[in-house]
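Peer 1: Right, I'll just put the structure down here and ask away after.
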Protein chains: 2
Amino acid sequence: MKKILTIGEILVEIIATERGNGFRSAVPLIGPFPSGAPAIFIDQVGKLGHDCAMISAVGDDDFGHVNLDRLRADGVDVSGIRIDANGTTGSAFVRYRDDGTRAFVFNLRHSACGTIDLSGEAARLVEEAGHLHVMGTSLYAPSVIETVLSAMRTIKAKGGTISFDPNLRPEILKSPGMREALQEVIAETDLFLPSGDELFLFTQAKSAKEAVEELLAQGIKVIVLKQGSAGATYHDAQRTLTLPSMPVEEVDPTGAGDCFGATFVTFWLEGATPDVALRYANAAGALAVTRIGPMEGASTRAELDALLAR
Amino acid sequence: MKKILTIGEILVEIIATERGNGFRSAVPLIGPFPSGAPAIFIDQVGKLGHDCAMISAVGDDDFGHVNLDRLRADGVDVSGIRIDANGTTGSAFVRYRDDGTRAFVFNLRHSACGTIDLSGEAARLVEEAGHLHVMGTSLYAPSVIETVLSAMRTIKAKGGTISFDPNLRPEILKSPGMREALQEVIAETDLFLPSGDELFLFTQAKSAKEAVEELLAQGIKVIVLKQGSAGATYHDAQRTLTLPSMPVEEVDPTGAGDCFGATFVTFWLEGATPDVALRYANAAGALAVTRIGPMEGASTRAELDALLAR
């Protein structure tokens, strides 16, 4: 079993409980919820019982411990998550607008996880890992970009595999060095997990079909296109397979794509057929949207089995 | 009329609405409220209609604007508050425990206001100011300490006055260089505003009477000892004057000491007698505890007059 590693942001999420446009006045909130796209991803991998670890950093504060406690409880190797005595744990405030879009206030680049490196335990985890999952959101600071690219080169060089979810937010695209880093990551990607129009990010194609052909020709082995409530489509050199999403009542979509991706990657690495991996990933995405809180939506194998048996 | 200047932290406060010990799990919250001890102080000065300004920095985010909007609306000159496009506005999460003590999670040192300096508009404000108020909480980062001390020397050298509220929290006493900075500030202080045992911070005295004598002998002109609901005592070389606090229903004590101090400083600078300044300061402290939110408790002159007329 290949150990799955991810590197990137750990943060707490604070959620406005009433819809509206941003945070210019006091509103009711709930939090802190453990969060961060790669943290949600690896928590879902841990809940599936697959060997996994994360490299990151938190402050020595309640917000750091709320994440460490959760990840540890869910089976994630947290030895590579440094506790920075002088840092503060990252945070994100999120408020849904009436049209379903979200307003954010981030504290990320200047938080503890703005200074991730491969010293100590982190270097050992890179040696142990057989697979690296890269989140585009994690390329938010130059030192983190360097860490991710370095780990990717090491893991790839020893025959490991790379999955990549662009997971791009406009707030983060402005980060210095991000675009160059994205190009290097896509060139090494085995399993690509774009959402919607992210399929076109690294191509010149005019249609989805052309984009898929272009990406496969670049050396990507598998593409899984996430389309939220519209379902997901699997592509490799031999076949295309589309599954509709499962009908559930959506309460909070945050984290659903991360849980979907984590489940697909885990089943794919464990040798599941594409249709089985896609079915379980779909179920994980479906359960995730039914729970408030970004990481609250991660599911165990038994929970996925129960949903799929319905 | 001497322009009152303060320098230091601007942050938003997020308040847990249920009592308990810290933030290790998701709890109901309310915020963001404009906050930061010097920001509350200067907002209260502004609401009294006295010429005043603040030097600080915020991020270009909703949390920065919630503070800028409030301070501007309440009459504070915000030209010295830099908007840092790459920074994040400071924040403090606060939760009351059952015993009335508070648990905090701060993001301060790595926030925008961790990098305050005297460039541009800030330097002009130091030239204009006739009085500087120093909060001990503002000595949280080396660059801010340097900025406060530099402004203090300039204002003192041209005949201006200094007020100082130690306002010390254990979380902040660990900051490098803070103790040395406190010693330099107390040596230049004209009006000292300690709370409770802070009276003894800079003396060898065993009793309050000895401490007051020692501080007055060091060159401090006026000491106003704040004792929360137990009232306040004024000391100068000629007299001692104690006033009980005003009976009000306490909802949220945060910010009350800052509003008290700001009102005393303002009336003192305007030439009010000690008993008048103390009465208005007491009224400001009393009104502040009746309102939820740190800066929400600042009062206008009319509101203070109305309370005192009751």
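Every chain in the structure tokens takes a letter, A first, then B, and so on in the order presented; its residues are numbered from 1, and the ligands are numbered from 1 following the presented order.
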Just the strand (DSSP E) stuff from stretch 124-218 of chain A, please, per backbone DSSP, written as a list of chain:residue names.
Peer 2: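 Across stretch 124-218 of chain A, those assigned strand (DSSP E) are A:His131, A:Leu132, A:His133, A:Val134, A:Met135, A:Thr161, A:Ile162, A:Ser163, A:Phe164, A:Asp165, A:Leu191, A:Phe192.
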Peer 1: Write to file, as a compact mmCIF listing (two decimals), in the first residue's frame, the residues of the selection just made, with N, CA and C atoms.
Peer 2:
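Generated output (part-v9.txt):
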# COMPACT_ATOMS: atom_id res chain seq x y z
N HIS A 131 3.00 8.26 -2.99
CA HIS A 131 2.10 9.10 -3.78
C HIS A 131 2.01 10.48 -3.13
N LEU A 132 2.02 11.50 -3.97
CA LEU A 132 1.84 12.87 -3.46
C LEU A 132 0.60 13.48 -4.10
N HIS A 133 -0.27 14.05 -3.27
CA HIS A 133 -1.40 14.80 -3.81
C HIS A 133 -1.10 16.29 -3.67
N VAL A 134 -1.21 17.01 -4.79
CA VAL A 134 -0.94 18.46 -4.79
C VAL A 134 -2.26 19.20 -4.98
N MET A 135 -2.51 20.13 -4.05
CA MET A 135 -3.66 21.04 -4.18
C MET A 135 -3.15 22.38 -4.72
N THR A 161 3.77 8.27 -7.62
CA THR A 161 2.77 8.89 -8.49
C THR A 161 2.29 10.22 -7.88
N ILE A 162 1.71 11.04 -8.77
CA ILE A 162 1.27 12.38 -8.38
C ILE A 162 -0.18 12.57 -8.81
N SER A 163 -1.02 13.04 -7.87
CA SER A 163 -2.35 13.52 -8.26
C SER A 163 -2.40 15.02 -8.02
N PHE A 164 -3.25 15.70 -8.79
CA PHE A 164 -3.26 17.16 -8.75
C PHE A 164 -4.68 17.67 -8.93
N ASP A 165 -5.11 18.47 -7.95
CA ASP A 165 -6.40 19.13 -8.00
C ASP A 165 -6.13 20.63 -8.04
N LEU A 191 -2.55 11.68 -12.22
CA LEU A 191 -4.00 11.69 -12.06
C LEU A 191 -4.43 13.14 -11.84
N PHE A 192 -5.22 13.65 -12.79
CA PHE A 192 -5.61 15.06 -12.77
C PHE A 192 -7.08 15.16 -12.38
Peer 1: Could you give me, as an MDAnalysis selection string, the residues within 9 Å of B:Gly100, counting only C-alpha atoms and dropping anything in the same chain fewer than 3 positions from it?
Peer 2: chainID B and resid 19 96:97
Peer 1: Compile the contact shell of stretch 231-239 of chain B as a VMD selection string: residues with an atom at most 8 Å away, counting only C-alpha atoms, same-chain residues fewer than 4 positions apart removed.
Peer 2: chain B and resid 212 216 221 to 227 243 to 246 274 278 282
Peer 1: Selected residues, C-alpha atoms, written as a short mmCIF file (atom, residue, chain, number, x, y, z; two decimals), in the first residue's frame, please.
Peer 2:
data_model
loop_
_atom_site.label_atom_id
_atom_site.label_comp_id
_atom_site.auth_asym_id
_atom_site.auth_seq_id
_atom_site.Cartn_x
_atom_site.Cartn_y
_atom_site.Cartn_z
CA VAL B 212 2.21 56.33 44.35
CA LEU B 216 5.37 60.79 41.60
CA LYS B 221 2.53 64.12 37.29
CA VAL B 222 -0.73 62.26 37.62
CA ILE B 223 -1.66 58.67 38.44
CA VAL B 224 -5.17 57.37 37.90
CA LEU B 225 -5.57 53.88 39.34
CA LYS B 226 -8.38 51.91 37.68
CA GLN B 227 -10.05 49.29 39.84
CA LEU B 243 -14.68 57.92 43.05
CA PRO B 244 -16.79 54.75 43.21
CA SER B 245 -17.82 53.24 39.90
CA MET B 246 -21.32 53.90 38.65
CA PRO B 274 -9.46 66.16 38.43
CA LEU B 278 -12.66 61.43 36.86
CA ASN B 282 -16.14 56.81 35.33
#
Peer 1: Excluding same-chain residues fewer than 4 positions from B:Asp98, what lies within 10 Å of it counting only C-alpha atoms, as a PyMOL selection string?
Peer 2: chain B and resi 18-21+102
Peer 1: Hey, which of B:Glu180, B:Asp61, B:Glu210, B:Asp74 ends up closest to chain A? Count only C-alpha atoms.
Peer 2: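 Looking only at the distances to chain A, the closest residue turns out to be B:Asp61.
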Peer 1: Please list as a PyMOL selection string every residue within 12 Å of A:Ala306, counting only C-alpha atoms and excluding residues in the same chain fewer than 3 positions away.
Peer 2: chain A and resi 280+283-284+287+299-303+309-310
Peer 1: May I have the residues from that selection written out with C-alpha atoms, as an mmCIF file, in the first residue's frame?
Peer 2:
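New file out_39.cif:
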data_model
loop_
_atom_site.group_PDB
_atom_site.id
_atom_site.type_symbol
_atom_site.label_atom_id
_atom_site.label_comp_id
_atom_site.auth_asym_id
_atom_site.auth_seq_id
_atom_site.Cartn_x
_atom_site.Cartn_y
_atom_site.Cartn_z
ATOM 1 C CA TYR A 280 -17.107 5.597 -4.010
ATOM 2 C CA ALA A 283 -20.653 8.795 -2.527
ATOM 3 C CA ALA A 284 -17.962 10.652 -0.538
ATOM 4 C CA LEU A 287 -22.097 12.706 2.053
ATOM 5 C CA SER A 299 -16.674 9.605 5.626
ATOM 6 C CA THR A 300 -15.579 6.133 6.637
ATOM 7 C CA ARG A 301 -15.670 3.196 4.230
ATOM 8 C CA ALA A 302 -18.678 1.841 6.157
ATOM 9 C CA GLU A 303 -20.585 5.099 5.691
ATOM 10 C CA ALA A 309 -26.282 0.085 -0.662
ATOM 11 C CA ARG A 310 -29.364 2.307 -0.455
#
